[in-house]
Every structure is written in C-alpha cells, then in structure tokens.
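Structure first, commentary second.
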Amino acid sequence: MSAPSGGADWAVAMSQVVCTPAGYEDWVPAGEALRILRCAESSLIDLVDTGLPTRDGRFDWCDAWNVGLYSGSGRSMPELEMKLFRRLLSAFNGDWHTPMRYLITVEAACPSGPDCDCGTWVCPDFVDASLTESTPGPGRRSWSGVVEASGVRVAIRSRVVTDAWNSVVRSYRYHFTRLELAKSVDQTRRRRVGDCVALTKLLQAELAKCGVEAWERHGYLLGWTTGHAHSWLEIRDIDGVVKPLDASLALLAGSFLNPGLVGFSLGCLMNRLIQIRERGKVQVIHHCHGDRLDLWPSIVARHL
Amino acid sequence: MTEYWDGQFTLLLRQVLPYLTADMDIAPDLDLSSYGLDSFGIVELIFLIEEEYGISPEQIIDLPVFTTPKLLWEAIEDARRTDRNGHRQVGST
C-alpha cells in the first residue's frame with residue numbers, strides 16, 4: 001500500500017514536529033510508521049537522519065502521525081484523514097450549526113472476547129439520543145439509534161476569555177498526543193503543541209489564572225469513517241450564558257481544515273459533534289470478572 | 001467476478017487488501033476486513049473511488065458498505081445514479 005512520498009520535505013516536517021518526550025513514547029514497528037507516513041523505507045531513514053527518534057528500529061506512534069501531518073506529501077494517513085474531514089465539513093453546503101440528525105451505532109468489545117462473563121455495560125450518555133442496546137456477539141455490546149447534533153453559534157462577550165483564547169490559538173499548534181502526556185498542562189506549556197485534551201486543559205488553566213471557571217465537555221466528532229473522541233471547554237460568559245470554546249478544532253482548522261472554523265470555534269459547536277452529557281463518561285464502562293474496564297467504542301454514523 | 005463490477009474496481013480493491021494474493025479471486029461476499037482492509041485502507045479507498053468514479057466521500061462514507069466487495073460496488077452504483085444533493089438522475093436505469 002506504500003506509495004511514493006510526493007512532495008514531502010522531511011527536514012521541513014521534522015522542524016515542525018515536537019517529538020514525544022522520553023517516558024511517554026508508544027513505540028511501534030517501522031512497518032506501522034511506514035503505513036502512517038505512506039513513504040518509502042529510504043524516507044524513514046532520511047527522517048531518522050533528520051532527528052526522528054527511534055529505538056531498536058521502532059518509532060513513536062504520535063511522532064509518526066505528526067510527521068505525516070506536517071509532511072506536505074499529501075499522501076500520509078494524517079493528511080488523508082484531514083482531507084476527508086475537510087471534504088465532509090464542506091458537505092451540506094458547509095452548514096455547521098443547523099441541528100442534524102444521525103443514525104449512530106456505538107459498539108464496544110470486551111478484551112476477554114468470548115470469555116467475557118457478560119457483566120454490566122454502560123454506554124456513554126449522549127445528549128439528545130435515543131439508543132437501543134443489543135448484543136452482536138459474545139463479549140460485544142452495541143447501541144443504535146438516532147442522535148441529534150445541535151450546533152451552537154453564539155458570540156463570546158468576555159474580553160478576558162477572548163484574550164486567553166487568542167493567546168492559546170496564536171501560540172500553540174495541533175499535535176497528536178498520548179493521553180498521559182496531554183493531561184500534563186506543564187508539558188503542553190513547554191512543548192507548545194497538543195491535541196484536544198491537552199489544549200482543553202491548557203485553556204482551562206489559563207482561564208483559571210484569570211478567575212474564569214471553565215469545565216471540560218466530551219463527545220465524538222463525526223468527520224471521518226468513525227467518530228473521534230473530542231474534548232472542549234464550556235464557560236459561563238458575562239451575560240450568564242454557557243458557551244463552548246474549542247481550541248483544538250480552531251488550531252486544526254487554521255492549519256489543515258478550513259480557516260473559517262477558527263473564529264467559529266470560539267463560542268460555537270459544530271453539528272458534526274455528538275455531545276456527551278456534562279460529567280458523563282466518554283468511554284463505555286464494562287464490568288467483567290470483577291474488573292471495571294473503560295473501553296473506547298467504535299462509532300459509526302449516518303446522516304439522516 | 002466481472003459480472004458484478006468492472007475491472008478497475010478489482011484493481012482498487014487489490015491496492016487496499018494486503019493479505020489478498022495475486023492468484024486469489026475477489027468473491028462478492030469476501031470479508032474485506034479479513035484481507036486487511038482497516039480504517040487506513042478505507043480512507044485510502046474512499047479517495048481512490050473518488051478518483052476513479054467521481055463519487056465524493058460524503059456519498060460513500062457509510063461504513064457498513066466497506067464490509068464486502070458486493071456491498072461496496074452496490075453503493076458505488078447507487079451513488080453514480082444519484083447526484084450529490086441526493087437526487088436520482090433522470091433517465092438512468
């Protein structure tokens with residue numbers, strides 16, 4: 001499946017990537033890195049020469065994704081994923097806020113497979129959803145039904161909030177980030193890059209310094225073949241209205257998706273986002289053989 | 001298997017099925033995931049289909065159609081008869 005790396009400039013890509021710090025790596029085989037980058041083996045050697053960390057012929061999963069994202073090849077998997085999301089954002093006449101209804105299927109699999117003891121399963125509590133539970137097979141559980149994604153479009157009035165937002169959006173860049181690393185605000189400040197979790201926690205900390213309370217919200221973005229877990233912030237604005245701040249989407253949009261989404265992400269939520277209730281769990285909770293398991297579900301959605 | 005689809009479709013599938021050997025036929029009900037079609041391959045296939053058949057991603061992204069060649073080909077055929085606004089093309093059969 002590998003293909004020539006097109007217009008990739010590995011030195012430029014590496015100059016834009018902040019590699020995963022020691023202790024947070026998730027080492028994957030070179031073959032997996034090649035699949036992500038979709039480049040020739042010689043390009044991987046070039047990347048190592050340019051500074052891409054490697055250990056025993058293995059590569060950090062996030063480093064590979066970030067190099068691909070910034071490679072400019074047009075063929076790496078992260079670029080194709082962004083291309084797909086960009087295309088789907090422009091569907092439905094580029095309408096990002098009119099409520100949309102989706103038929104979704106949420107499915108989780110127990111790691112014990114057929115040996116699962118069929119303990120309890122709890123689906124994430126989606127907003128405006130009506131789901132029916134079923135058992136597609138041993139050790140698996142699925143929930144299907146209709147969910148409405150109500151876009152939000154309001155203006156932020158607080159100058160303090162807008163200033164904090166502008167500071168983050170101007171000073172940081174999007175990077176795929178391991179969850180353990182994303183949870184560290186200090187690491188995000190040091191690296192100046194992050195994903196939705198990292199940037200949400202960072203903006204929350206910046207707002208807290210200004211005396212503004214903000215809380216995390218979770219959901220799934222429907223912009224790819226499956227839903228992607230997503231985090232953003234909510235604040236109560238000076239007019240008393242609760243409003244969203246989606247810093248990671250703004251950063252992704254500015255660099256890879258649609259510049260129009262940068263401003264939209266301040267006070268707005270897309271109708272491609274299905275929300276989980278406040279303080280609700282983003283993962284499927286399953287009990288098996290006495291253990292609690294937090295499982296990432298696969299989410300497939302069809303626009304109705 | 002050309003009674004189901006055109007030769008180009010076979011070539012597209014072979015590009016994204018790493019476990020399918022050159023001497024194997026592609027049966028209509030072949031389990032695509034068993035032959036290596038994963039989320040990477042699906043994204044790749046979506047754009048290959050767009051290049052080959054002019055079908056935009058939003059017309060084909062319904063994941064269950066990527067289960068077997070037959071379902072996928074039927075989705076392609078259906079999309080070719082339908083414009084991007086969901087309207088059936090007049091005069092098509």
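Here, A, B, ... name the chains of the structure tokens in the order displayed, residue numbers run from 1 inside each chain, and ligands are numbered from 1 in the same displayed order.
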| task | Pick out the residues sitting within 10 Å of B:Phe66, and hand them over as a list in words; count only C-alpha atoms, and ignore anything fewer than 4 positions along from it in its own chain. | result |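 Counting only the stated atoms, we get Asp31, Leu32, Ser33, Leu37, Asp38, Ser39, Gly41, Ile42, Leu45, Ile46, Ile60, Ile61, Asp62, Lys70, Leu71, Leu72, Trp73 and Ala75 of chain B.
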Would you mind exporting C-alpha atoms of the selected residues as a compact mmCIF listing (two decimals), in the first residue's frame?
# COMPACT_ATOMS: atom_id res chain seq x y z
CA ASP B 31 -14.91 -10.29 4.13
CA LEU B 32 -12.77 -7.24 3.34
CA SER B 33 -11.51 -6.80 6.89
CA LEU B 37 -8.97 -3.57 4.98
CA ASP B 38 -8.67 -1.39 8.07
CA SER B 39 -9.53 2.23 8.79
CA GLY B 41 -7.41 1.33 3.90
CA ILE B 42 -10.96 2.60 3.98
CA LEU B 45 -10.23 3.51 -0.79
CA ILE B 46 -12.65 6.43 -0.40
CA ILE B 60 -19.78 6.68 0.04
CA ILE B 61 -18.66 7.06 3.64
CA ASP B 62 -21.33 4.79 5.13
CA LYS B 70 -20.64 -6.56 -3.36
CA LEU B 71 -21.99 -4.03 -0.83
CA LEU B 72 -19.34 -1.51 -1.79
CA TRP B 73 -19.96 -1.91 -5.51
CA ALA B 75 -23.04 1.67 -3.04
For the interface of chain B with chain A (cut-off 10 Å, counting only C-alpha atoms), please tabulate each contacting residue of chain B alongside its nearest pair of atoms and their separation in Å to one decimal, rows sorted by chain and increasing number, as a tab-separated table.
residue	atom	partner	partner_atom	distance
B:Arg14	CA	A:Met1	CA	9.3
B:Gln15	CA	A:Met1	CA	6.0
B:Val16	CA	A:Met1	CA	6.3
B:Leu17	CA	A:Met1	CA	8.4
B:Pro18	CA	A:Met1	CA	7.3
B:Ser39	CA	A:Thr225	CA	7.3
B:Phe40	CA	A:Met77	CA	6.8
B:Gly41	CA	A:Met1	CA	8.5
B:Ile42	CA	A:Thr225	CA	7.7
B:Val43	CA	A:Glu81	CA	7.0
B:Glu44	CA	A:Leu80	CA	7.4
B:Ile46	CA	A:Leu84	CA	8.7
B:Phe47	CA	A:Leu84	CA	8.4
B:Ser56	CA	A:Arg87	CA	8.4
B:Pro57	CA	A:Leu84	CA	7.1
B:Glu58	CA	A:Leu88	CA	6.1
B:Gln59	CA	A:Ala91	CA	9.8
B:Ile60	CA	A:Thr225	CA	9.9
B:Ile61	CA	A:Thr225	CA	6.2
B:Asp62	CA	A:Arg302	CA	6.3
B:Leu63	CA	A:Thr225	CA	6.3
B:Pro64	CA	A:Val300	CA	8.6
B:Arg84	CA	A:Ala91	CA	9.0
B:Asn85	CA	A:Phe92	CA	8.3
Selected residues, N, CA, C and O atoms, written as a tab-separated table (two decimals), in the first residue's frame, please.
chain	number	residue	atom	x	y	z
B	14	ARG	N	-7.52	-4.48	-4.83
B	14	ARG	CA	-6.21	-5.14	-4.61
B	14	ARG	C	-5.20	-4.18	-3.98
B	14	ARG	O	-4.31	-4.61	-3.27
B	15	GLN	N	-5.36	-2.88	-4.23
B	15	GLN	CA	-4.44	-1.90	-3.63
B	15	GLN	C	-4.60	-1.80	-2.13
B	15	GLN	O	-3.67	-1.37	-1.44
B	16	VAL	N	-5.77	-2.13	-1.62
B	16	VAL	CA	-6.02	-1.91	-0.18
B	16	VAL	C	-6.23	-3.21	0.59
B	16	VAL	O	-6.61	-3.17	1.75
B	17	LEU	N	-6.00	-4.34	-0.07
B	17	LEU	CA	-6.16	-5.63	0.61
B	17	LEU	C	-4.80	-6.34	0.66
B	17	LEU	O	-4.47	-7.14	-0.21
B	18	PRO	N	-3.99	-6.03	1.68
B	18	PRO	CA	-2.62	-6.54	1.71
B	18	PRO	C	-2.53	-8.06	1.83
B	18	PRO	O	-1.51	-8.64	1.47
B	39	SER	N	-9.07	0.84	8.92
B	39	SER	CA	-9.53	2.23	8.79
B	39	SER	C	-8.62	3.03	7.85
B	39	SER	O	-9.09	3.90	7.12
B	40	PHE	N	-7.31	2.71	7.86
B	40	PHE	CA	-6.40	3.38	6.91
B	40	PHE	C	-6.84	3.06	5.48
B	40	PHE	O	-6.95	3.94	4.63
B	41	GLY	N	-7.06	1.78	5.24
B	41	GLY	CA	-7.41	1.33	3.90
B	41	GLY	C	-8.72	1.92	3.43
B	41	GLY	O	-8.88	2.23	2.24
B	42	ILE	N	-9.66	2.05	4.36
B	42	ILE	CA	-10.96	2.60	3.98
B	42	ILE	C	-10.82	4.05	3.52
B	42	ILE	O	-11.39	4.46	2.50
B	43	VAL	N	-10.03	4.83	4.28
B	43	VAL	CA	-9.82	6.23	3.88
B	43	VAL	C	-9.16	6.28	2.50
B	43	VAL	O	-9.57	7.05	1.62
B	44	GLU	N	-8.15	5.43	2.32
B	44	GLU	CA	-7.46	5.38	1.02
B	44	GLU	C	-8.45	5.00	-0.09
B	44	GLU	O	-8.48	5.61	-1.17
B	46	ILE	N	-11.68	5.36	-0.15
B	46	ILE	CA	-12.65	6.43	-0.40
B	46	ILE	C	-12.12	7.39	-1.47
B	46	ILE	O	-12.85	7.79	-2.39
B	47	PHE	N	-10.84	7.73	-1.35
B	47	PHE	CA	-10.28	8.68	-2.33
B	47	PHE	C	-9.96	8.00	-3.67
B	47	PHE	O	-10.04	8.64	-4.71
B	56	SER	N	-18.06	11.52	-4.56
B	56	SER	CA	-17.47	12.27	-3.46
B	56	SER	C	-17.54	11.46	-2.17
B	56	SER	O	-18.40	10.60	-2.00
B	57	PRO	N	-16.62	11.73	-1.23
B	57	PRO	CA	-16.56	10.94	0.00
B	57	PRO	C	-17.88	10.89	0.75
B	57	PRO	O	-18.26	9.84	1.28
B	58	GLU	N	-18.60	12.02	0.80
B	58	GLU	CA	-19.84	12.02	1.58
B	58	GLU	C	-20.90	11.10	1.01
B	58	GLU	O	-21.85	10.73	1.70
B	59	GLN	N	-20.73	10.71	-0.26
B	59	GLN	CA	-21.70	9.80	-0.87
B	59	GLN	C	-21.41	8.33	-0.53
B	59	GLN	O	-22.25	7.47	-0.74
B	60	ILE	N	-20.21	8.07	-0.06
B	60	ILE	CA	-19.78	6.68	0.04
B	60	ILE	C	-19.32	6.30	1.44
B	60	ILE	O	-18.98	5.15	1.71
B	61	ILE	N	-19.36	7.26	2.37
B	61	ILE	CA	-18.66	7.06	3.64
B	61	ILE	C	-19.41	6.14	4.62
B	61	ILE	O	-18.91	5.84	5.68
B	62	ASP	N	-20.57	5.68	4.26
B	62	ASP	CA	-21.33	4.79	5.13
B	62	ASP	C	-20.53	3.50	5.38
B	62	ASP	O	-20.36	2.66	4.49
B	63	LEU	N	-20.02	3.36	6.58
B	63	LEU	CA	-19.02	2.33	6.85
B	63	LEU	C	-19.45	0.89	6.55
B	63	LEU	O	-18.65	0.10	6.05
B	64	PRO	N	-20.70	0.50	6.82
B	64	PRO	CA	-21.07	-0.88	6.56
B	64	PRO	C	-20.87	-1.32	5.10
B	64	PRO	O	-20.71	-2.51	4.83
B	84	ARG	N	-25.03	14.71	-5.91
B	84	ARG	CA	-24.52	14.99	-4.57
B	84	ARG	C	-25.58	15.57	-3.64
B	84	ARG	O	-25.37	15.66	-2.44
B	85	ASN	N	-26.68	16.03	-4.19
B	85	ASN	CA	-27.75	16.55	-3.34
B	85	ASN	C	-28.80	15.48	-3.02
B	85	ASN	O	-29.84	15.77	-2.48
| task | Find, counting only C-alpha atoms, the residue in A:Val17, A:Cys116, A:Leu266, A:Leu233 that gets nearest to A:Pro138. | result |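 Once distances to A:Pro138 are computed over only C-alpha atoms, the minimum belongs to A:Cys116.
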| query | How many Å separate atom CA of A:Leu202 from atom CA of A:Phe264? | reply | 19.4 Å
| request: Write out as a PyMOL selection string which residues come within 10 Å of stretch 121-132 of chain A when counting only C-alpha atoms, dropping same-chain ones fewer than 6 positions away. | output: chain A and resi 101-108+110+140-150+218-220+274-288+292-295+297
